[in-house]
file protein.cif (mmCIF, C-alpha atoms)
data_model
#
loop_
_atom_site.label_atom_id
_atom_site.label_comp_id
_atom_site.auth_asym_id
_atom_site.auth_seq_id
_atom_site.Cartn_x
_atom_site.Cartn_y
_atom_site.Cartn_z
CA MET A 44 119.53 161.06 161.70
CA SER A 45 117.44 163.46 163.78
CA SER A 46 118.14 166.34 161.42
CA THR A 47 117.10 164.18 158.48
CA PHE A 48 113.81 163.35 160.15
CA ASP A 49 113.23 167.01 161.01
CA ALA A 50 113.79 167.89 157.35
CA VAL A 51 111.22 165.30 156.32
CA LEU A 52 108.72 166.72 158.78
CA THR A 53 109.39 170.21 157.50
CA ASP A 54 108.63 168.89 154.03
CA PHE A 55 105.37 167.47 155.40
CA ALA A 56 104.37 170.91 156.60
CA THR A 57 105.09 172.60 153.27
CA PRO A 58 101.89 172.75 151.19
CA SER A 59 102.31 171.04 147.84
CA ALA A 60 100.37 171.68 144.66
CA ALA A 61 98.23 168.67 145.49
CA GLN A 62 97.42 170.00 148.96
CA ALA A 63 96.65 173.47 147.68
CA GLU A 64 94.45 172.17 144.88
CA GLU A 65 90.74 172.04 145.53
CA THR A 66 89.51 168.49 145.96
CA PRO A 67 85.96 167.12 145.65
CA ALA A 68 85.69 166.94 149.44
CA ARG A 69 86.80 170.56 149.83
CA ARG A 70 84.50 171.62 147.03
CA LEU A 71 81.44 170.06 148.68
CA PRO A 72 80.62 173.04 150.97
CA SER A 73 80.48 175.41 147.99
CA ASP A 74 78.27 172.87 146.16
CA LEU A 75 75.90 172.73 149.12
CA LEU A 76 75.80 176.53 149.22
CA VAL A 77 74.76 176.65 145.55
CA TYR A 78 72.04 174.05 146.10
CA ALA A 79 70.78 175.89 149.20
CA LEU A 80 70.64 179.11 147.16
CA ILE A 81 68.63 177.40 144.41
CA ALA A 82 66.22 175.96 146.98
CA ALA A 83 65.83 179.41 148.59
CA LEU A 84 65.13 181.05 145.21
CA VAL A 85 62.52 178.44 144.29
CA GLY A 86 60.91 178.79 147.72
CA GLY A 87 60.90 182.57 147.39
CA ALA A 88 59.38 182.31 143.91
CA TRP A 89 56.60 180.08 145.25
CA LEU A 90 55.82 182.48 148.12
CA PHE A 91 55.83 185.44 145.71
CA SER A 92 53.45 183.66 143.33
CA ARG A 93 51.10 182.83 146.24
CA ALA A 94 50.82 186.55 147.09
CA GLU A 95 48.78 187.00 143.86
CA TYR A 96 50.35 190.30 142.83
CA PHE A 97 49.71 189.33 139.21
CA LYS A 98 48.38 186.61 136.92
CA ALA A 99 50.26 184.70 134.26
CA GLY A 100 48.35 186.47 131.48
CA ASP A 101 48.61 190.10 132.66
CA ASP A 102 51.39 192.56 131.84
CA ILE A 103 53.60 191.72 134.82
CA GLY A 104 53.27 187.98 134.28
CA TYR A 105 53.86 188.40 130.55
CA TRP A 106 57.09 190.37 130.96
CA LEU A 107 58.36 188.04 133.65
CA GLY A 108 57.92 185.23 131.14
CA VAL A 109 59.72 187.26 128.45
CA ALA A 110 62.64 187.98 130.81
CA GLY A 111 62.90 184.32 131.79
CA GLY A 112 62.68 183.22 128.16
CA VAL A 113 65.44 185.63 127.11
CA MET A 114 67.66 184.31 129.90
CA LEU A 115 67.07 180.74 128.73
CA LEU A 116 67.81 181.72 125.14
CA THR A 117 71.03 183.40 126.27
CA LEU A 118 72.22 180.04 127.62
CA PHE A 119 73.10 179.05 124.06
CA SER A 120 75.79 181.78 124.02
CA TYR A 121 78.08 179.62 126.18
CA PRO A 122 78.39 176.65 123.78
CA LEU A 123 78.61 179.10 120.89
CA ARG A 124 81.50 180.88 122.63
CA LYS A 125 83.27 177.55 123.13
CA TYR A 126 82.83 176.03 119.68
CA VAL A 127 82.37 178.89 117.19
CA ARG A 128 85.80 180.09 116.15
CA GLY A 129 84.68 183.65 115.49
CA MET A 130 83.60 184.04 119.14
CA HIS A 131 86.80 182.74 120.76
CA ARG A 132 88.07 186.26 121.43
CA LEU A 133 84.90 187.44 123.13
CA GLY A 134 86.02 187.23 126.75
CA LYS A 135 87.23 184.34 128.87
CA VAL A 136 85.30 181.07 128.85
CA LYS A 137 84.94 181.09 132.63
CA TRP A 138 82.89 184.32 132.54
CA TRP A 139 80.60 182.87 129.87
CA PHE A 140 80.21 179.74 131.96
CA LEU A 141 79.42 181.81 135.05
CA LEU A 142 76.79 183.69 133.02
CA HIS A 143 75.47 180.31 131.85
CA ILE A 144 75.06 179.20 135.48
CA VAL A 145 73.44 182.46 136.66
CA PHE A 146 70.98 182.61 133.77
CA GLY A 147 70.40 178.86 134.04
CA ILE A 148 69.14 179.48 137.57
CA GLY A 149 67.53 182.90 137.12
CA GLY A 150 65.64 182.03 133.92
CA PRO A 151 63.75 179.04 135.34
CA VAL A 152 62.97 180.96 138.55
CA LEU A 153 61.39 183.79 136.56
CA ILE A 154 59.46 181.29 134.44
CA LEU A 155 58.15 179.62 137.61
CA ILE A 156 56.99 183.00 138.93
CA HIS A 157 55.46 183.77 135.52
CA SER A 158 53.51 180.48 135.59
CA THR A 159 52.52 180.96 139.26
CA PHE A 160 53.40 177.27 139.60
CA ARG A 161 50.33 176.31 137.58
CA VAL A 162 49.95 174.65 134.17
CA GLY A 163 47.26 176.29 132.06
CA SER A 164 47.52 174.29 128.83
CA LEU A 165 49.18 171.26 127.27
CA ASN A 166 51.89 173.20 125.41
CA ALA A 167 52.58 175.30 128.52
CA GLY A 168 52.91 172.12 130.56
CA VAL A 169 55.33 170.55 128.10
CA ALA A 170 57.42 173.74 128.07
CA LEU A 171 57.40 174.03 131.87
CA TYR A 172 58.31 170.44 132.60
CA SER A 173 60.96 170.43 129.87
CA MET A 174 62.48 173.49 131.49
CA LEU A 175 62.47 171.86 134.93
CA ILE A 176 64.14 168.74 133.54
CA VAL A 177 66.82 170.82 131.79
CA ALA A 178 67.37 172.96 134.89
CA GLY A 179 67.65 169.90 137.14
CA SER A 180 69.96 168.26 134.65
CA GLY A 181 72.05 171.44 134.61
CA VAL A 182 72.52 171.27 138.38
CA ILE A 183 73.79 167.71 138.03
CA GLY A 184 75.96 168.78 135.09
CA ARG A 185 77.58 171.56 137.14
CA PHE A 186 78.42 169.05 139.87
CA LEU A 187 80.16 166.76 137.34
CA TYR A 188 81.71 169.61 135.33
CA MET A 189 83.54 171.00 138.36
CA ARG A 190 85.16 167.61 138.90
CA VAL A 191 86.60 167.14 135.43
CA ASN A 192 87.57 170.75 134.71
CA ARG A 193 89.80 173.30 136.43
CA GLY A 194 87.23 175.52 138.09
CA LEU A 195 85.27 177.76 135.72
CA SER A 196 88.04 178.09 133.13
CA GLY A 197 86.65 175.28 130.97
CA GLU A 198 90.14 173.79 130.72
CA LYS A 199 89.71 170.05 130.97
CA THR A 200 91.97 168.21 133.36
CA SER A 201 93.63 165.05 132.08
CA LEU A 202 94.24 162.00 134.25
CA LYS A 203 97.97 162.25 133.64
CA GLN A 204 98.08 165.91 134.70
CA LEU A 205 96.12 165.04 137.81
CA GLU A 206 98.53 162.25 138.75
CA VAL A 207 101.52 164.56 138.27
CA ARG A 208 99.99 167.35 140.37
CA ALA A 209 98.95 164.86 143.05
CA GLY A 210 102.53 163.59 143.31
CA LEU A 211 101.46 159.98 143.74
CA ALA A 212 104.90 158.45 143.67
CA GLN A 213 105.59 155.36 145.78
CA SER A 214 109.05 156.72 146.56
CA GLU A 215 107.46 159.76 148.23
CA ALA A 216 105.42 157.67 150.66
CA ARG A 217 108.41 155.44 151.38
CA SER A 218 110.84 158.29 152.01
CA LYS A 219 108.52 160.23 154.27
CA LEU A 220 107.18 157.28 156.27
CA HIS A 221 110.26 155.06 156.49
CA PHE A 222 110.02 155.20 160.31
CA ALA A 223 106.47 153.74 160.22
CA PRO A 224 106.52 150.75 157.82
CA GLU A 225 102.97 149.69 158.69
CA VAL A 226 101.59 153.10 157.76
CA GLU A 227 103.69 153.12 154.60
CA ALA A 228 102.36 149.69 153.61
CA ARG A 229 98.72 150.70 154.18
CA LEU A 230 99.09 153.84 152.05
CA LEU A 231 100.80 152.02 149.21
CA LYS A 232 98.24 149.19 149.26
CA PHE A 233 95.37 151.71 149.18
CA ALA A 234 96.95 153.47 146.18
CA GLU A 235 97.72 150.20 144.38
CA ASP A 236 94.21 148.80 144.87
CA GLU A 237 92.41 151.94 143.76
CA LEU A 238 94.61 153.24 140.95
CA HIS A 239 94.85 149.84 139.27
CA ALA A 240 91.30 148.61 139.82
CA LYS A 241 89.56 146.99 136.88
CA PRO A 242 87.54 149.70 135.08
CA GLY A 243 83.79 149.30 134.80
CA TRP A 244 80.49 150.73 136.01
CA LEU A 245 80.66 148.97 139.36
CA THR A 246 84.13 150.39 139.91
CA HIS A 247 82.97 153.90 138.94
CA LEU A 248 79.98 153.76 141.30
CA ARG A 249 82.09 152.38 144.14
CA ARG A 250 84.70 155.10 143.68
CA ILE A 251 82.09 157.84 143.87
CA THR A 252 80.02 156.44 146.75
CA VAL A 253 82.12 154.07 148.85
CA LEU A 254 85.72 155.19 148.29
CA PRO A 255 85.51 158.34 150.49
CA LEU A 256 84.35 156.10 153.37
CA GLN A 257 87.23 153.72 152.72
CA GLN A 258 89.56 156.72 152.75
CA ARG A 259 88.40 157.66 156.26
CA LEU A 260 88.81 154.08 157.45
CA VAL A 261 92.37 153.81 156.10
CA TYR A 262 93.22 157.21 157.61
CA ARG A 263 92.12 156.02 161.07
CA GLN A 264 94.09 152.81 160.68
CA CYS A 265 97.19 154.75 159.64
CA ASP A 266 96.72 157.19 162.51
CA GLU A 267 96.62 154.33 165.01
CA ALA A 268 99.63 152.62 163.41
CA LEU A 269 101.56 155.91 163.48
CA THR A 270 101.37 156.32 167.26
CA VAL A 271 103.71 153.51 168.38
CA PRO A 272 106.75 154.23 166.13
CA LEU A 273 106.40 157.97 166.62
CA ARG A 274 106.28 157.62 170.42
CA ALA A 275 109.34 155.36 170.33
CA MET A 276 111.18 157.93 168.25
CA ALA A 277 110.10 160.74 170.58
CA LYS A 278 111.37 158.81 173.62
CA GLY A 279 114.68 157.92 171.96
CA ARG A 280 115.36 161.51 170.86
CA GLY A 281 114.07 163.28 173.89
CA TRP A 282 111.26 165.25 172.27
CA SER A 283 109.05 167.37 174.45
CA ARG A 284 105.29 166.76 174.41
CA SER A 285 104.71 169.80 172.21
CA GLN A 286 107.38 168.58 169.75
CA TYR A 287 105.76 165.16 169.61
CA ILE A 288 102.28 166.62 169.04
CA GLY A 289 103.61 168.95 166.31
CA ARG A 290 105.42 166.15 164.49
CA LYS A 291 102.41 163.87 164.69
CA ARG A 292 100.19 166.65 163.32
CA VAL A 293 102.31 167.17 160.21
CA ALA A 294 102.65 163.40 159.67
CA ARG A 295 98.86 163.13 159.80
CA ARG A 296 98.64 165.97 157.32
CA PHE A 297 100.80 164.06 154.86
CA ILE A 298 98.74 160.88 155.29
CA ASP A 299 95.50 162.80 154.73
CA SER A 300 96.94 164.58 151.68
CA TYR A 301 98.23 161.34 150.15
CA LEU A 302 94.93 159.49 150.66
CA GLY A 303 93.00 162.49 149.29
CA SER A 304 95.18 162.53 146.19
CA VAL A 305 94.58 158.82 145.60
CA VAL A 306 90.81 159.33 145.89
CA ARG A 307 90.84 162.34 143.56
CA VAL A 308 92.79 160.50 140.87
CA ALA A 309 90.67 157.36 141.25
CA GLN A 310 87.39 159.29 141.09
CA PHE A 311 88.44 161.37 138.09
CA SER A 312 87.80 158.67 135.48
CA ALA A 313 84.40 157.91 137.09
CA PHE A 314 83.30 161.55 136.99
CA GLU A 315 84.67 161.93 133.46
CA ARG A 316 82.62 158.97 132.23
CA MET A 317 79.47 160.15 133.98
CA PHE A 318 79.89 163.67 132.59
CA ALA A 319 80.13 162.30 129.04
CA LEU A 320 76.91 160.30 129.50
CA TRP A 321 75.21 163.28 131.16
CA HIS A 322 75.99 165.41 128.11
CA VAL A 323 74.40 162.82 125.80
CA ALA A 324 71.21 162.82 127.90
CA HIS A 325 71.13 166.60 128.48
CA VAL A 326 71.23 167.81 124.87
CA PRO A 327 67.93 166.19 123.67
CA PHE A 328 66.05 167.80 126.56
CA VAL A 329 67.51 171.18 125.61
CA TYR A 330 66.12 170.83 122.09
CA LEU A 331 62.78 169.66 123.48
CA LEU A 332 62.69 172.76 125.69
CA LEU A 333 63.52 175.02 122.74
CA ILE A 334 60.81 173.54 120.52
CA SER A 335 58.12 173.50 123.24
CA ALA A 336 58.97 177.09 124.25
CA ILE A 337 58.59 178.28 120.64
CA VAL A 338 55.24 176.47 120.36
CA HIS A 339 54.13 178.03 123.65
CA VAL A 340 55.07 181.57 122.55
CA ILE A 341 53.28 181.16 119.23
CA ALA A 342 50.19 179.76 120.96
CA VAL A 343 50.10 182.63 123.46
CA HIS A 344 50.30 185.30 120.77
CA ALA A 345 47.96 183.48 118.36
CA TYR A 346 45.14 183.02 120.87
#

call {"tool": "encode", "arguments": {"input": "protein.cif", "output": "structure tokens"}}
result
Amino acid sequence: MSSTFDAVLTDFATPSAAQAEETPARRLPSDLLVYALIAALVGGAWLFSRAEYFKAGDDIGYWLGVAGGVMLLTLFSYPLRKYVRGMHRLGKVKWWFLLHIVFGIGGPVLILIHSTFRVGSLNAGVALYSMLIVAGSGVIGRFLYMRVNRGLSGEKTSLKQLEVRAGLAQSEARSKLHFAPEVEARLLKFAEDELHAKPGWLTHLRRITVLPLQQRLVYRQCDEALTVPLRAMAKGRGWSRSQYIGRKRVARRFIDSYLGSVVRVAQFSAFERMFALWHVAHVPFVYLLLISAIVHVIAVHAY
């Protein structure tokens, strides 16, 4: 029996595809880094514009505006690469998407420097604020995109694929936690409640906002419930303190991985739905930006 339990614990310690896969929680630091970079660039652009090295209408300001406008125009190359059959062989989608992100940040920053954070006319104001709305929407879109696609590849994850990779089988939880029935019951109840919840907007919002907090609560409850049966087993089998600590660590790792997989699968449909609605709202603003930018360019050169 002891050798069987040791084999189970060894299996705990072996990283699975679900453990190795990047989860929303693990992705959050990289998201925060991107947002901090954007904030730093905007702050740097504001400080640069305050130094008054140029004006919006002189040569430097003009060419900064041209560079920013070309970057914004280049953003359309990404959807063209995805949906125009003749462009499918022009490099991997992930590199086009990365270019889309870089130019989607760099273009607005250059336009802000070009404008010196001032609005000189009605058409310039419409173009500027349209650009800011599109850029802000793009930041939100990136956040959602990374949660319904596999990284930058543009390959959409399906709910079924996610469930398979997460390994959310009831038999797995039962076989690995047979010595702690209370922990097993809590994990299975958490999975049952979340993966079979009635779909709807309230469910989607709860999964995105409240579910990670519930995950932490259930983890603590499982951790407390794990102590008694594991100590009894350690005493009965003569484990040393270091053996007990090591076995508890890998059992905790399994609990954390299982709960994380449940949350990822449950949140997927919520993020997928929000991404679809984001796309519907984002596209009209893109066209508004394009039209207002064309009007602005014509007005600048005409007058």

call {"tool": "axis_aligned_box", "arguments": {"input": "protein.cif", "around": "stretch 294-312 of chain A", "padding_each_side": "8 Å", "output": "lines of an AutoDock Vina configuration file"}}
result
center_x = 95.0
center_y = 161.7
center_z = 147.6
size_x = 31.3
size_y = 24.6
size_z = 40.3

call {"tool": "atom_distance", "arguments": {"input": "protein.cif", "atom1": "atom CA of A:Asp299", "atom2": "atom CA of A:Glu225"}}
result
15.6 Å

call {"tool": "resolve_selection", "arguments": {"input": "protein.cif", "expression": "the PyMOL selection byres ((chain A and resi 78) around 12)", "output": "PyMOL selection string"}}
result
chain A and resi 71-77+79-85+148+179+181-183+185-186

call {"tool": "write_last_selection", "arguments": {"input": "protein.cif", "atoms": "C-alpha atoms", "output": "PDB file, in the frame of the given file"}}
result
ATOM      1  CA  LEU A  71      81.440 170.060 148.680  1.00  0.00           C
ATOM      2  CA  PRO A  72      80.620 173.040 150.970  1.00  0.00           C
ATOM      3  CA  SER A  73      80.480 175.410 147.990  1.00  0.00           C
ATOM      4  CA  ASP A  74      78.270 172.870 146.160  1.00  0.00           C
ATOM      5  CA  LEU A  75      75.900 172.730 149.120  1.00  0.00           C
ATOM      6  CA  LEU A  76      75.800 176.530 149.220  1.00  0.00           C
ATOM      7  CA  VAL A  77      74.760 176.650 145.550  1.00  0.00           C
ATOM      8  CA  ALA A  79      70.780 175.890 149.200  1.00  0.00           C
ATOM      9  CA  LEU A  80      70.640 179.110 147.160  1.00  0.00           C
ATOM     10  CA  ILE A  81      68.630 177.400 144.410  1.00  0.00           C
ATOM     11  CA  ALA A  82      66.220 175.960 146.980  1.00  0.00           C
ATOM     12  CA  ALA A  83      65.830 179.410 148.590  1.00  0.00           C
ATOM     13  CA  LEU A  84      65.130 181.050 145.210  1.00  0.00           C
ATOM     14  CA  VAL A  85      62.520 178.440 144.290  1.00  0.00           C
ATOM     15  CA  ILE A 148      69.140 179.480 137.570  1.00  0.00           C
ATOM     16  CA  GLY A 179      67.650 169.900 137.140  1.00  0.00           C
ATOM     17  CA  GLY A 181      72.050 171.440 134.610  1.00  0.00           C
ATOM     18  CA  VAL A 182      72.520 171.270 138.380  1.00  0.00           C
ATOM     19  CA  ILE A 183      73.790 167.710 138.030  1.00  0.00           C
ATOM     20  CA  ARG A 185      77.580 171.560 137.140  1.00  0.00           C
ATOM     21  CA  PHE A 186      78.420 169.050 139.870  1.00  0.00           C
TER      22      PHE A 186
END

call {"tool": "resolve_selection", "arguments": {"input": "protein.cif", "expression": "the PyMOL selection byres ((chain A and resi 331) around 12)", "output": "NGL selection string"}}
result
:A and (166 or 169-177 or 324-330 or 332-338)

call {"tool": "closest_residue", "arguments": {"input": "protein.cif", "among": "A:Lys232, A:Arg190, A:Lys278, A:His339", "to": "A:Phe311", "atoms": "all atoms listed in the file"}}
result
A:Arg190

call {"tool": "atom_distance", "arguments": {"input": "protein.cif", "atom1": "atom CA of A:Gln264", "atom2": "atom CA of A:Lys241"}}
result
24.9 Å

call {"tool": "resolve_selection", "arguments": {"input": "protein.cif", "expression": "the PyMOL selection byres ((chain A and resi 86-98) around 12)", "output": "VMD selection string"}}
result
chain A and resid 79 to 85 99 to 108 148 to 161 163

call {"tool": "closest_residue", "arguments": {"input": "protein.cif", "among": "A:Trp282, A:Tyr121, A:Tyr301, A:Trp244", "to": "A:Leu230", "atoms": "all atoms listed in the file"}}
result
A:Tyr301

call {"tool": "atom_distance", "arguments": {"input": "protein.cif", "atom1": "atom CA of A:Leu256", "atom2": "atom CA of A:Val306"}}
result
10.4 Å

call {"tool": "closest_residue", "arguments": {"input": "protein.cif", "among": "A:Arg274, A:Lys135, A:Arg307, A:Arg292", "to": "A:Gln258", "atoms": "all atoms listed in the file"}}
result
A:Arg307
